[in-house]
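Working notes for the structure below.
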Amino acid sequence: MRVSFDISDRDLSHFRECMQRAREAVRDAEDSEIIEAAEELFEEVKGAKAPAFVRDRLERLESMVNMVRDDEWSLPAAQRQRVLSALVYFCDPEDLIPDSIPGLGYLDDAIMIELVFRELKHEIEAYDDFTKWRTASDKGFHIKRDAESRSKRIAVRRDKLFQRIERRKAKDEEDRAKGKRPELF
C-alpha cells in the first residue's frame with residue numbers, strides 16, 4: 001500500500017525551525033556523542049520493529065553516519081555540520097511526534113530524513129560514488145602501488161567529487177532563484 005501527502009509551506013517552515021534548533025544544539029555537542037546517539041537510535045528502532053518505511057529511511061541515516069566517520073572522505077566542515085544537525089534531530093526522542101508512540105513515533109523522523117536527503121542529495125551521491133570507486137580501486141591496490149600513491153589518488157578523487165557537489169549545488173541555487181526548485185532548509 002502506498003500513502004502519500006503534501007507538505008505545505010507552513011509544515012516545511014516547522015521542519016526548518018526544528019532543523020535550526022538541531023543546528024544550534026550541534027554547536028554544544030561533541031561529534032562523537034552525536035554519532036553514538038544516532039547509532040543507539042538505529043539499534044532501538046531495529047529492536048522496536050518499526051514500520052518498513054521508517055527502517056528504510058534509517059538505513060539512509062546510517063550512510064550519513066558513515067560519511068561523517070570516514071576519514072578518507074574528509075567531509076568539509078560546513079557539510080559536516082549539516083549532517084550532524086540532521087543526526088541531532090533524529091536522536092531527540094521528544095521531537096514533533098514522540099518516538100515512543102507505536103507505529104507513528106518515527107513518522108516525523110521519516111519525513112525529516114526525506115527532507116535532509118533532498119537537501120544533502122549531492123553530498124550523499126558523491127559519497128556513494130566515492131565509496132564505490134574506493135572499493136573498486138582497492139581491489140587492485142596490492143599490485144605496484146604503495147600507501148602514499150593510494151592516498152594521493154583518493155585525495156584527487158575526493159577533490160573532484162567535492163567540486164562536483166559545489167557545481168550541482170550552484171545549479172540548484174539557480175533553479176531556486178528561477179522558482180523551479182523549492183527551498184528546503
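Letters for chains follow the order of the C-alpha cells (A, B, ...), residue numbers begin at 1 for each chain, and ligand numbers begin at 1 in the order shown.
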(Q) Can you pull out the residues contacting Ala78 in chain A? Cut-off 12 Å, using only C-alpha atoms, and skip same-chain residues under 6 positions away; I want them as an MDAnalysis selection string. (A) chainID A and resid 23 26 68 84:85 120 123
Next, write the just-selected residues to a file, as a PDB file, in the first residue's frame, keeping N, CA and C atoms as the atom set.
```pdb
ATOM      1  N   ARG A  23      20.625  22.517  14.637  1.00  0.00           N
ATOM      2  CA  ARG A  23      21.909  23.145  14.288  1.00  0.00           C
ATOM      3  C   ARG A  23      22.503  23.862  15.495  1.00  0.00           C
ATOM      4  N   VAL A  26      24.003  21.335  17.858  1.00  0.00           N
ATOM      5  CA  VAL A  26      25.265  20.761  17.383  1.00  0.00           C
ATOM      6  C   VAL A  26      26.454  21.570  17.884  1.00  0.00           C
ATOM      7  N   VAL A  68      30.259  10.842   7.795  1.00  0.00           N
ATOM      8  CA  VAL A  68      30.903  11.690   8.795  1.00  0.00           C
ATOM      9  C   VAL A  68      32.101  10.980   9.416  1.00  0.00           C
ATOM     10  N   LEU A  84      25.567  16.480  10.831  1.00  0.00           N
ATOM     11  CA  LEU A  84      25.445  16.309  12.278  1.00  0.00           C
ATOM     12  C   LEU A  84      24.151  16.926  12.801  1.00  0.00           C
ATOM     13  N   SER A  85      23.731  18.050  12.234  1.00  0.00           N
ATOM     14  CA  SER A  85      22.463  18.668  12.635  1.00  0.00           C
ATOM     15  C   SER A  85      21.296  17.733  12.375  1.00  0.00           C
ATOM     16  N   LEU A 120      20.772  17.208   1.124  1.00  0.00           N
ATOM     17  CA  LEU A 120      22.150  16.716   1.044  1.00  0.00           C
ATOM     18  C   LEU A 120      22.339  15.739  -0.120  1.00  0.00           C
ATOM     19  N   GLU A 123      25.818  15.648  -1.791  1.00  0.00           N
ATOM     20  CA  GLU A 123      26.863  15.127  -0.918  1.00  0.00           C
ATOM     21  C   GLU A 123      26.746  13.611  -0.787  1.00  0.00           C
TER      22      GLU A 123
END
```
Q.
Going by DSSP on the backbone, which residues of range 4-175 of chain A come out as alpha helix (DSSP H)? List them as a PyMOL selection string.
A. chain A and resi 9-28+31-47+52-69+77-91+107-119+121-139+147-175
Q. Hey, which of A:Lys121, A:Arg21, A:Arg82, A:Arg16 ends up closest to Glu166 in chain A? Count only C-alpha atoms.
A. A:Lys121
Q) What separation in Å, quoted to one decimal, exists between CA of Val116 in chain A and CA of Lys169 in chain A? A)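 Here the two named atoms are 14.2 Å from each other.
You will find CA of Arg118 in chain A at 23.9 Å from CA of Glu36 in chain A.
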Q.
Between CA of Met112 in chain A and CA of Gly179 in chain A, what distance in Å does the model show, to one decimal?
A.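 Interatomic distance, CA of Met112 in chain A to CA of Gly179 in chain A: 22.4 Å.
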Q.
Could you check the closest approach to Ile124 in chain A for each of A:Asp138, A:Asp175, A:Asp146, A:Glu62 and tell me which residue wins, using only C-alpha atoms?
A.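 For Ile124 in chain A, the nearest of the given residues is A:Glu62.
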